[in-house]
$ cat model.cif   # mmCIF, C-alpha atoms
data_protein
loop_
_atom_site.label_atom_id
_atom_site.label_comp_id
_atom_site.auth_asym_id
_atom_site.auth_seq_id
_atom_site.Cartn_x
_atom_site.Cartn_y
_atom_site.Cartn_z
CA MET A 1 -9.62 -1.45 3.27
CA LEU A 2 -6.43 -2.01 5.19
CA ASP A 3 -5.54 -0.31 8.47
CA ARG A 4 -3.69 2.98 8.55
CA SER A 5 -0.06 2.83 9.56
CA PRO A 6 0.97 3.44 13.18
CA LEU A 7 3.91 5.42 11.84
CA LYS A 8 1.79 8.05 10.09
CA LEU A 9 2.03 10.63 12.87
CA THR A 10 5.83 10.64 12.88
CA VAL A 11 5.82 13.33 10.21
CA LEU A 12 4.90 15.88 12.86
CA ALA A 13 8.24 15.31 14.51
CA VAL A 14 10.12 14.76 11.27
CA ALA A 15 8.89 17.79 9.41
CA THR A 16 8.31 20.42 12.06
CA GLY A 17 10.92 20.12 14.80
CA ALA A 18 11.77 23.49 16.24
CA MET A 19 9.14 25.17 14.06
CA LEU A 20 6.50 24.41 16.65
CA LEU A 21 7.95 27.18 18.77
CA THR A 22 6.50 29.72 16.35
CA ALA A 23 2.90 28.53 16.72
CA GLY A 24 2.13 31.26 19.23
CA CYS A 25 2.16 33.94 16.55
CA GLY A 26 -0.79 32.36 14.69
CA GLY A 27 -3.37 34.61 16.30
CA ARG A 28 -1.91 37.91 15.16
CA GLY A 29 -4.14 39.97 12.95
CA GLY A 30 -7.49 38.45 13.98
CA LYS A 31 -9.74 35.75 12.67
CA ASN A 32 -9.93 37.11 9.11
CA ARG A 33 -6.20 36.58 8.63
CA ASP A 34 -6.56 32.81 9.04
CA THR A 35 -7.54 32.19 5.42
CA ALA A 36 -5.59 30.72 2.55
CA TYR A 37 -5.45 33.74 0.27
CA VAL A 38 -4.44 36.69 2.46
CA ALA A 39 -0.86 37.84 1.88
CA ARG A 40 1.13 37.70 5.09
CA ASP A 41 4.60 37.06 6.42
CA VAL A 42 5.86 33.49 6.32
CA ASP A 43 6.00 32.96 10.09
CA THR A 44 2.38 33.96 10.59
CA LEU A 45 1.18 31.97 7.58
CA TYR A 46 2.95 28.80 8.63
CA ALA A 47 1.74 29.16 12.22
CA ALA A 48 -1.84 29.58 10.99
CA ALA A 49 -1.52 26.36 9.00
CA LYS A 50 -0.12 24.54 12.00
CA THR A 51 -2.96 25.81 14.19
CA ARG A 52 -5.51 24.54 11.69
CA LEU A 53 -3.81 21.15 11.66
CA ASP A 54 -3.82 20.96 15.46
CA ARG A 55 -7.55 21.68 15.41
CA GLY A 56 -8.18 18.85 12.97
CA ASP A 57 -9.08 21.16 10.08
CA THR A 58 -6.82 19.15 7.82
CA ARG A 59 -8.02 20.38 4.44
CA GLN A 60 -7.72 24.04 5.45
CA ALA A 61 -4.33 23.29 6.98
CA ALA A 62 -3.19 21.74 3.72
CA ALA A 63 -4.39 24.77 1.76
CA LEU A 64 -2.50 27.09 4.12
CA PHE A 65 0.69 25.02 3.86
CA ASP A 66 0.33 25.20 0.08
CA GLU A 67 -0.03 28.96 0.43
CA VAL A 68 3.25 29.12 2.34
CA GLU A 69 4.97 27.63 -0.68
CA ARG A 70 3.11 29.88 -3.11
CA GLN A 71 3.71 33.14 -1.27
CA HIS A 72 7.25 32.36 -0.10
CA PRO A 73 8.72 29.85 -2.57
CA TYR A 74 12.35 30.64 -1.72
CA SER A 75 11.94 30.51 2.03
CA PRO A 76 13.19 27.51 4.06
CA TRP A 77 9.60 27.30 5.26
CA ALA A 78 8.46 26.33 1.76
CA ARG A 79 10.32 23.03 1.96
CA ARG A 80 8.78 22.25 5.34
CA ALA A 81 5.34 23.32 4.16
CA GLN A 82 5.45 20.92 1.21
CA LEU A 83 5.82 17.93 3.47
CA MET A 84 3.28 19.22 5.97
CA SER A 85 0.85 19.78 3.12
CA ALA A 86 1.33 16.17 2.03
CA PHE A 87 0.71 14.99 5.58
CA SER A 88 -2.39 17.17 6.00
CA TYR A 89 -3.92 15.88 2.78
CA TYR A 90 -3.09 12.33 3.89
CA VAL A 91 -4.91 12.76 7.20
CA ALA A 92 -7.84 14.26 5.27
CA ARG A 93 -7.78 11.14 3.05
CA ASP A 94 -7.23 13.24 -0.04
CA TYR A 95 -4.65 10.77 -1.27
CA THR A 96 -4.19 12.21 -4.74
CA LYS A 97 -3.18 15.63 -3.43
CA SER A 98 -1.03 14.05 -0.71
CA ILE A 99 0.90 12.09 -3.33
CA GLN A 100 1.29 15.19 -5.48
CA SER A 101 2.65 17.24 -2.57
CA ALA A 102 5.08 14.49 -1.53
CA GLN A 103 6.27 14.02 -5.10
CA ARG A 104 6.79 17.76 -5.49
CA PHE A 105 8.86 17.74 -2.30
CA LEU A 106 11.00 14.89 -3.64
CA SER A 107 11.47 16.50 -7.05
CA ILE A 108 12.85 19.66 -5.46
CA HIS A 109 14.62 18.14 -2.45
CA PRO A 110 15.56 14.54 -3.42
CA GLY A 111 18.44 14.35 -0.94
CA ASN A 112 16.67 15.94 2.00
CA LYS A 113 16.76 14.11 5.34
CA ASP A 114 12.96 13.84 5.22
CA ALA A 115 12.95 12.15 1.80
CA PRO A 116 12.47 8.66 3.32
CA TYR A 117 9.26 9.81 4.96
CA ALA A 118 8.02 11.39 1.73
CA TYR A 119 8.47 8.07 -0.11
CA TYR A 120 6.80 6.26 2.76
CA LEU A 121 3.86 8.67 2.77
CA ILE A 122 3.32 8.08 -0.95
CA ALA A 123 3.28 4.35 -0.30
CA LEU A 124 0.75 4.77 2.52
CA CYS A 125 -1.55 6.76 0.25
CA TYR A 126 -1.68 3.89 -2.23
CA TYR A 127 -1.83 1.24 0.49
CA GLU A 128 -4.86 2.75 2.19
CA GLN A 129 -6.80 2.79 -1.07
CA ILE A 130 -6.55 -0.97 -1.55
CA SER A 131 -10.01 -2.35 -2.31
CA ASP A 132 -11.44 -5.80 -1.78
CA VAL A 133 -10.43 -8.63 -4.10
CA THR A 134 -13.61 -8.39 -6.16
CA ARG A 135 -12.44 -5.07 -7.62
CA ASP A 136 -9.62 -3.95 -9.89
CA GLN A 137 -6.25 -4.20 -8.18
CA LYS A 138 -4.35 -1.42 -9.97
CA ILE A 139 -4.00 0.53 -6.73
CA THR A 140 -2.76 -2.60 -4.96
CA LEU A 141 0.03 -2.97 -7.52
CA GLN A 142 0.90 0.71 -7.15
CA ALA A 143 1.06 0.24 -3.38
CA LYS A 144 3.41 -2.71 -3.80
CA THR A 145 5.66 -0.72 -6.14
CA ALA A 146 5.77 2.26 -3.77
CA LEU A 147 6.41 0.11 -0.70
CA THR A 148 9.17 -1.75 -2.51
CA GLU A 149 10.76 1.58 -3.41
CA VAL A 150 10.92 2.49 0.28
CA THR A 151 12.67 -0.77 1.14
CA ARG A 152 15.06 -0.42 -1.79
CA ARG A 153 16.11 3.15 -1.10
CA TYR A 154 16.10 3.12 2.69
CA PRO A 155 16.46 -0.53 3.80
CA ASN A 156 17.63 0.22 7.34
CA THR A 157 14.92 2.69 8.34
CA ARG A 158 11.78 2.14 10.39
CA TYR A 159 9.82 3.06 7.29
CA ALA A 160 11.35 0.11 5.45
CA SER A 161 10.52 -2.22 8.32
CA ASP A 162 6.87 -1.22 8.20
CA ALA A 163 6.90 -1.34 4.39
CA ARG A 164 8.09 -4.96 4.43
CA LEU A 165 5.19 -5.97 6.64
CA LYS A 166 2.79 -4.20 4.33
CA ILE A 167 4.31 -5.85 1.25
CA ASP A 168 3.51 -9.24 2.79
CA LEU A 169 -0.11 -8.13 3.25
CA VAL A 170 -0.24 -6.73 -0.27
CA ASN A 171 1.09 -9.98 -1.73
CA ASP A 172 -1.54 -11.93 0.18
CA HIS A 173 -4.17 -9.59 -1.18
CA LEU A 174 -2.95 -9.99 -4.77
CA ALA A 175 -2.86 -13.75 -4.35
CA GLY A 176 -6.42 -13.60 -3.06
CA LYS A 177 -7.47 -11.80 -6.22
CA GLU A 178 -5.87 -14.50 -8.36
CA MET A 179 -7.64 -17.19 -6.34
CA THR A 180 -11.00 -15.46 -6.72
CA ILE A 181 -10.63 -15.36 -10.50
CA GLY A 182 -9.25 -18.89 -10.63
CA ARG A 183 -12.20 -20.30 -8.68
CA LEU A 184 -14.60 -18.52 -11.03
CA TYR A 185 -12.89 -20.07 -14.06
CA GLU A 186 -12.97 -23.45 -12.35
CA ARG A 187 -16.70 -23.24 -11.61
CA THR A 188 -17.42 -22.41 -15.24
CA GLY A 189 -15.23 -25.19 -16.62
CA ARG A 190 -12.46 -22.97 -18.00
CA TRP A 191 -9.76 -25.26 -16.70
CA VAL A 192 -6.78 -23.89 -18.62
CA ALA A 193 -7.54 -20.32 -17.53
CA ALA A 194 -7.99 -21.54 -13.96
CA THR A 195 -4.63 -23.32 -13.92
CA LEU A 196 -2.89 -20.15 -15.09
CA ARG A 197 -4.30 -18.21 -12.13
CA PHE A 198 -3.47 -20.91 -9.58
CA ARG A 199 -0.03 -21.36 -11.09
CA ASN A 200 0.61 -17.63 -10.71
CA VAL A 201 -0.14 -17.88 -6.99
CA VAL A 202 2.24 -20.82 -6.57
CA ASP A 203 5.01 -19.23 -8.63
CA ASN A 204 4.80 -15.60 -7.54
CA TYR A 205 3.05 -15.56 -4.17
CA GLN A 206 4.33 -18.79 -2.66
CA THR A 207 4.82 -17.32 0.82
CA THR A 208 1.17 -16.27 1.16
CA SER A 209 -1.63 -18.08 2.94
CA HIS A 210 -3.26 -18.96 -0.39
CA THR A 211 -0.56 -21.34 -1.66
CA PRO A 212 -1.92 -24.61 -0.17
CA GLU A 213 -5.33 -24.05 -1.70
CA ALA A 214 -3.78 -22.99 -5.02
CA LEU A 215 -1.89 -26.29 -5.17
CA PHE A 216 -5.07 -28.24 -4.44
CA ARG A 217 -6.95 -26.30 -7.11
CA LEU A 218 -4.18 -27.21 -9.54
CA VAL A 219 -4.75 -30.87 -8.70
CA GLU A 220 -8.45 -30.43 -9.44
CA SER A 221 -7.87 -28.54 -12.66
CA TYR A 222 -5.20 -30.86 -14.03
CA LEU A 223 -7.35 -33.90 -13.35
CA SER A 224 -10.24 -32.21 -15.13
CA LEU A 225 -7.95 -31.52 -18.08
CA GLY A 226 -6.94 -35.17 -18.20
CA VAL A 227 -3.28 -34.71 -17.23
CA PRO A 228 -2.91 -36.73 -14.01
CA GLU A 229 0.88 -36.50 -14.17
CA GLU A 230 0.69 -32.72 -13.63
CA ALA A 231 -1.90 -33.21 -10.93
CA GLN A 232 0.45 -35.65 -9.20
CA LYS A 233 3.28 -33.08 -9.29
CA ALA A 234 1.08 -30.42 -7.69
CA ALA A 235 -0.13 -32.88 -5.05
CA ALA A 236 3.45 -33.90 -4.27
CA VAL A 237 4.50 -30.29 -3.74
CA LEU A 238 1.47 -29.81 -1.53
CA GLY A 239 2.33 -32.90 0.51
CA ASN A 240 5.99 -31.99 0.88
CA ASN A 241 5.32 -28.45 2.03
CA TYR A 242 1.96 -28.63 3.76
CA PRO A 243 1.53 -32.23 4.95
CA ASP A 244 -0.87 -31.27 7.74
CA SER A 245 -3.02 -29.02 5.59
CA GLU A 246 -6.66 -29.80 4.95
CA TRP A 247 -5.91 -29.11 1.30
CA TYR A 248 -3.37 -31.94 1.18
CA LYS A 249 -5.89 -34.36 2.68
CA LYS A 250 -8.40 -33.37 0.00
CA ALA A 251 -5.78 -33.70 -2.72
CA TYR A 252 -4.77 -37.15 -1.46
CA GLU A 253 -8.36 -38.33 -1.57
CA LEU A 254 -8.90 -36.80 -5.00
CA MET A 255 -5.81 -38.44 -6.45
CA GLY A 256 -6.77 -41.79 -4.95
CA LYS A 257 -10.22 -41.55 -6.55
CA HIS A 258 -9.35 -40.20 -9.99
CA ALA A 259 -5.72 -41.21 -10.50
CA PRO A 260 -5.16 -44.35 -8.42
CA GLY A 261 -2.05 -45.27 -10.37
CA THR A 262 -0.13 -42.25 -9.07
CA THR A 263 1.24 -41.24 -5.68
CA THR A 264 1.06 -37.93 -3.86
CA SER A 265 4.36 -37.98 -2.01
#
$ encode --input "model.cif" --output "structure tokens"
Amino acid sequence: MLDRSPLKLTVLAVATGAMLLTAGCGGRGGKNRDTAYVARDVDTLYAAAKTRLDRGDTRQAAALFDEVERQHPYSPWARRAQLMSAFSYYVARDYTKSIQSAQRFLSIHPGNKDAPYAYYLIALCYYEQISDVTRDQKITLQAKTALTEVTRRYPNTRYASDARLKIDLVNDHLAGKEMTIGRLYERTGRWVAATLRFRNVVDNYQTTSHTPEALFRLVESYLSLGVPEEAQKAAAVLGNNYPDSEWYKKAYELMGKHAPGTTTS
């Protein structure tokens, strides 16, 4: 649902470096050698994978990078191939396998210089699976957790900078889900359940674009529950923080109509 990250292609520079110089050996042995299950030396196998990736055959590239690790597990190329496999699966939108490859890289090489990118790639895989607010948001929560992990571990990297921007978008998305459910409860007269959803937006997603409406919906719900004092508190917060909002104007009118003995500021 959300856009792919502009940083996604940086793995090519991060993970390959001087290895690109070996790409010229990919053609040795003929077309039949460019398959995933033919035993061959590590240089040729890795170069074949890289050639496939350059052509856009991302799934075959990923399989060949996996084969580098399988055939030559103790080679320095295996470490590089793990990350390139994760990237290839990511580009192919096979997010489950991308996450698995990145996690395998981190489990074996937790202190490697490319570890920040591996964490970031995992976060991207979850982030790009975020669905609209009418569906279950388990993936959205996983994306938030993974993005937060990037900012916690590597706060001064470009990956963390991008992750922070994405966390803001994720929070807005989660708040939108709460608002969708809250409005449904409100329409069906389940006022207590509605207030819990709107309260969650105000308490936990207060920096999102949904907060003004959530406060107004609290005014509506509290008035419907017959607790104008709570409605007045919500309206006051709305007026203090969003005085020019259309939602404050609606709240002011609503309080004047249904709770004339209270004030909204």
$ resolve_selection --input "model.cif" --expression "the PyMOL selection byres ((chain A and resi 128-138) around 9)" --output "short mmCIF file (atom, residue, chain, number, x, y, z; two decimals) with C-alpha atoms, in the frame of the given file"
data_model
loop_
_atom_site.label_atom_id
_atom_site.label_comp_id
_atom_site.auth_asym_id
_atom_site.auth_seq_id
_atom_site.Cartn_x
_atom_site.Cartn_y
_atom_site.Cartn_z
CA MET A 1 -9.62 -1.45 3.27
CA LEU A 2 -6.43 -2.01 5.19
CA ASP A 3 -5.54 -0.31 8.47
CA ARG A 4 -3.69 2.98 8.55
CA SER A 5 -0.06 2.83 9.56
CA ARG A 93 -7.78 11.14 3.05
CA TYR A 95 -4.65 10.77 -1.27
CA ALA A 123 3.28 4.35 -0.30
CA LEU A 124 0.75 4.77 2.52
CA CYS A 125 -1.55 6.76 0.25
CA TYR A 126 -1.68 3.89 -2.23
CA TYR A 127 -1.83 1.24 0.49
CA ILE A 139 -4.00 0.53 -6.73
CA THR A 140 -2.76 -2.60 -4.96
CA LEU A 141 0.03 -2.97 -7.52
CA GLN A 142 0.90 0.71 -7.15
CA ALA A 143 1.06 0.24 -3.38
CA VAL A 170 -0.24 -6.73 -0.27
CA HIS A 173 -4.17 -9.59 -1.18
CA LEU A 174 -2.95 -9.99 -4.77
CA GLY A 176 -6.42 -13.60 -3.06
CA LYS A 177 -7.47 -11.80 -6.22
CA GLU A 178 -5.87 -14.50 -8.36
CA THR A 180 -11.00 -15.46 -6.72
CA ILE A 181 -10.63 -15.36 -10.50
#
$ residues_around --input "model.cif" --residues "segment 183-192 of chain A" --least-positions-apart "5" --cutoff "8 Å" --atoms "only C-alpha atoms" --output "JSON, numbers by chain"
{"A": [221, 222, 224, 225]}
$ atom_distance --input "model.cif" --atom1 "atom CA of Lys144 of chain A" --atom2 "atom CA of Ile122 of chain A"
11.2 Å
$ resolve_selection --input "model.cif" --expression "the PyMOL selection byres ((chain A and resi 231) around 8)" --output "list in words"
Leu218, Val219, Glu220, Ser221, Tyr222, Leu223, Val227, Pro228, Glu229, Glu230, Gln232, Lys233, Ala234, Ala235 and Met255 of chain A
$ atom_distance --input "model.cif" --atom1 "atom CA of Ser85 of chain A" --atom2 "atom CA of Arg52 of chain A"
11.7 Å
$ resolve_selection --input "model.cif" --expression "the PyMOL selection byres ((chain A and resi 114) around 10)" --output "PDB file with C-alpha atoms, in the frame of the given file"
ATOM      1  CA  VAL A  11       5.820  13.330  10.210  1.00  0.00           C
ATOM      2  CA  VAL A  14      10.120  14.760  11.270  1.00  0.00           C
ATOM      3  CA  ALA A  15       8.890  17.790   9.410  1.00  0.00           C
ATOM      4  CA  ARG A  80       8.780  22.250   5.340  1.00  0.00           C
ATOM      5  CA  LEU A  83       5.820  17.930   3.470  1.00  0.00           C
ATOM      6  CA  PHE A 105       8.860  17.740  -2.300  1.00  0.00           C
ATOM      7  CA  LEU A 106      11.000  14.890  -3.640  1.00  0.00           C
ATOM      8  CA  HIS A 109      14.620  18.140  -2.450  1.00  0.00           C
ATOM      9  CA  PRO A 110      15.560  14.540  -3.420  1.00  0.00           C
ATOM     10  CA  GLY A 111      18.440  14.350  -0.940  1.00  0.00           C
ATOM     11  CA  ASN A 112      16.670  15.940   2.000  1.00  0.00           C
ATOM     12  CA  LYS A 113      16.760  14.110   5.340  1.00  0.00           C
ATOM     13  CA  ALA A 115      12.950  12.150   1.800  1.00  0.00           C
ATOM     14  CA  PRO A 116      12.470   8.660   3.320  1.00  0.00           C
ATOM     15  CA  TYR A 117       9.260   9.810   4.960  1.00  0.00           C
ATOM     16  CA  ALA A 118       8.020  11.390   1.730  1.00  0.00           C
ATOM     17  CA  TYR A 119       8.470   8.070  -0.110  1.00  0.00           C
TER      18      TYR A 119
END
$ closest_residue --input "model.cif" --among "A:Ile108, A:Leu196, A:Ala49, A:Glu253" --to "Tyr74 of chain A" --atoms "only C-alpha atoms"
A:Ile108
$ closest_residue --input "model.cif" --among "A:Asp41, A:Asp168, A:Asp94, A:Asp244" --to "Glu67 of chain A" --atoms "only C-alpha atoms"
A:Asp41
$ residues_around --input "model.cif" --residues "Leu238 of chain A" --least-positions-apart "2" --cutoff "12 Å" --atoms "only C-alpha atoms" --output "ChimeraX atom specification"
/A:202,206,210-219,231-236,240-252,264-265
$ atom_distance --input "model.cif" --atom1 "atom CA of Ala194 of chain A" --atom2 "atom CA of Gly226 of chain A"
14.3 Å
$ residues_near_point --input "model.cif" --point "(-4.8, -21.0, -7.8)" --cutoff "6 Å" --atoms "all atoms listed in the file" --output "JSON, numbers by chain"
{"A": [179, 182, 197, 198, 199, 201, 214, 217]}
$ closest_residue --input "model.cif" --among "A:Leu169, A:Ala63, A:Ala259, A:Ala102" --to "Leu121 of chain A" --atoms "all atoms listed in the file"
A:Ala102
$ closest_residue --input "model.cif" --among "A:Glu149, A:Asn171, A:Leu45, A:Tyr120" --to "Trp77 of chain A" --atoms "only C-alpha atoms"
A:Leu45
$ closest_residue --input "model.cif" --among "A:Ala81, A:Pro155, A:Tyr90, A:Pro76" --to "Arg104 of chain A" --atoms "only C-alpha atoms"
A:Ala81
$ build_atoms --input "model.cif" --residues "segment 168-197 of chain A" --atoms "N, CA and C atoms" --output "mmCIF file, keeping the file's coordinate frame"
data_model
loop_
_atom_site.group_PDB
_atom_site.id
_atom_site.type_symbol
_atom_site.label_atom_id
_atom_site.label_comp_id
_atom_site.auth_asym_id
_atom_site.auth_seq_id
_atom_site.Cartn_x
_atom_site.Cartn_y
_atom_site.Cartn_z
ATOM 1 N N ASP A 168 4.034 -7.891 2.547
ATOM 2 C CA ASP A 168 3.510 -9.240 2.790
ATOM 3 C C ASP A 168 1.977 -9.239 2.707
ATOM 4 N N LEU A 169 1.352 -8.225 3.295
ATOM 5 C CA LEU A 169 -0.110 -8.130 3.250
ATOM 6 C C LEU A 169 -0.608 -7.862 1.831
ATOM 7 N N VAL A 170 0.127 -7.024 1.113
ATOM 8 C CA VAL A 170 -0.240 -6.730 -0.270
ATOM 9 C C VAL A 170 -0.141 -7.987 -1.133
ATOM 10 N N ASN A 171 0.937 -8.741 -0.965
ATOM 11 C CA ASN A 171 1.090 -9.980 -1.730
ATOM 12 C C ASN A 171 -0.049 -10.955 -1.434
ATOM 13 N N ASP A 172 -0.429 -11.051 -0.177
ATOM 14 C CA ASP A 172 -1.540 -11.930 0.180
ATOM 15 C C ASP A 172 -2.829 -11.458 -0.483
ATOM 16 N N HIS A 173 -2.982 -10.156 -0.552
ATOM 17 C CA HIS A 173 -4.170 -9.590 -1.180
ATOM 18 C C HIS A 173 -4.188 -9.884 -2.687
ATOM 19 N N LEU A 174 -3.038 -9.706 -3.339
ATOM 20 C CA LEU A 174 -2.950 -9.990 -4.770
ATOM 21 C C LEU A 174 -3.172 -11.465 -5.063
ATOM 22 N N ALA A 175 -2.633 -12.319 -4.196
ATOM 23 C CA ALA A 175 -2.860 -13.750 -4.350
ATOM 24 C C ALA A 175 -4.336 -14.074 -4.194
ATOM 25 N N GLY A 176 -4.994 -13.398 -3.252
ATOM 26 C CA GLY A 176 -6.420 -13.600 -3.060
ATOM 27 C C GLY A 176 -7.225 -13.237 -4.290
ATOM 28 N N LYS A 177 -6.804 -12.195 -4.978
ATOM 29 C CA LYS A 177 -7.470 -11.800 -6.220
ATOM 30 C C LYS A 177 -7.319 -12.892 -7.273
ATOM 31 N N GLU A 178 -6.106 -13.428 -7.405
ATOM 32 C CA GLU A 178 -5.870 -14.500 -8.360
ATOM 33 C C GLU A 178 -6.723 -15.729 -8.035
ATOM 34 N N MET A 179 -6.840 -16.037 -6.752
ATOM 35 C CA MET A 179 -7.640 -17.190 -6.340
ATOM 36 C C MET A 179 -9.119 -16.969 -6.657
ATOM 37 N N THR A 180 -9.601 -15.763 -6.434
ATOM 38 C CA THR A 180 -11.000 -15.460 -6.720
ATOM 39 C C THR A 180 -11.315 -15.676 -8.200
ATOM 40 N N ILE A 181 -10.426 -15.190 -9.056
ATOM 41 C CA ILE A 181 -10.630 -15.360 -10.500
ATOM 42 C C ILE A 181 -10.486 -16.822 -10.889
ATOM 43 N N GLY A 182 -9.472 -17.484 -10.317
ATOM 44 C CA GLY A 182 -9.250 -18.890 -10.630
ATOM 45 C C GLY A 182 -10.438 -19.762 -10.266
ATOM 46 N N ARG A 183 -11.026 -19.520 -9.098
ATOM 47 C CA ARG A 183 -12.200 -20.300 -8.680
ATOM 48 C C ARG A 183 -13.377 -20.075 -9.623
ATOM 49 N N LEU A 184 -13.527 -18.825 -10.080
ATOM 50 C CA LEU A 184 -14.600 -18.520 -11.030
ATOM 51 C C LEU A 184 -14.400 -19.306 -12.323
ATOM 52 N N TYR A 185 -13.181 -19.309 -12.840
ATOM 53 C CA TYR A 185 -12.890 -20.070 -14.060
ATOM 54 C C TYR A 185 -13.153 -21.559 -13.833
ATOM 55 N N GLU A 186 -12.782 -22.038 -12.663
ATOM 56 C CA GLU A 186 -12.970 -23.450 -12.350
ATOM 57 C C GLU A 186 -14.457 -23.814 -12.331
ATOM 58 N N ARG A 187 -15.260 -22.973 -11.703
ATOM 59 C CA ARG A 187 -16.700 -23.240 -11.610
ATOM 60 C C ARG A 187 -17.369 -23.263 -12.978
ATOM 61 N N THR A 188 -16.820 -22.490 -13.907
ATOM 62 C CA THR A 188 -17.420 -22.410 -15.240
ATOM 63 C C THR A 188 -16.725 -23.319 -16.244
ATOM 64 N N GLY A 189 -15.851 -24.196 -15.760
ATOM 65 C CA GLY A 189 -15.230 -25.190 -16.620
ATOM 66 C C GLY A 189 -14.105 -24.686 -17.498
ATOM 67 N N ARG A 190 -13.591 -23.497 -17.199
ATOM 68 C CA ARG A 190 -12.460 -22.970 -18.000
ATOM 69 C C ARG A 190 -11.167 -23.390 -17.312
ATOM 70 N N TRP A 191 -10.830 -24.648 -17.486
ATOM 71 C CA TRP A 191 -9.760 -25.260 -16.700
ATOM 72 C C TRP A 191 -8.388 -24.689 -17.006
ATOM 73 N N VAL A 192 -8.102 -24.434 -18.273
ATOM 74 C CA VAL A 192 -6.780 -23.890 -18.620
ATOM 75 C C VAL A 192 -6.597 -22.512 -17.998
ATOM 76 N N ALA A 193 -7.622 -21.664 -18.121
ATOM 77 C CA ALA A 193 -7.540 -20.320 -17.530
ATOM 78 C C ALA A 193 -7.401 -20.415 -16.013
ATOM 79 N N ALA A 194 -8.084 -21.368 -15.416
ATOM 80 C CA ALA A 194 -7.990 -21.540 -13.960
ATOM 81 C C ALA A 194 -6.578 -21.935 -13.554
ATOM 82 N N THR A 195 -5.988 -22.882 -14.283
ATOM 83 C CA THR A 195 -4.630 -23.320 -13.920
ATOM 84 C C THR A 195 -3.628 -22.172 -14.007
ATOM 85 N N LEU A 196 -3.818 -21.280 -14.962
ATOM 86 C CA LEU A 196 -2.890 -20.150 -15.090
ATOM 87 C C LEU A 196 -2.947 -19.255 -13.854
ATOM 88 N N ARG A 197 -4.148 -19.039 -13.329
ATOM 89 C CA ARG A 197 -4.300 -18.210 -12.130
ATOM 90 C C ARG A 197 -3.700 -18.908 -10.904
#
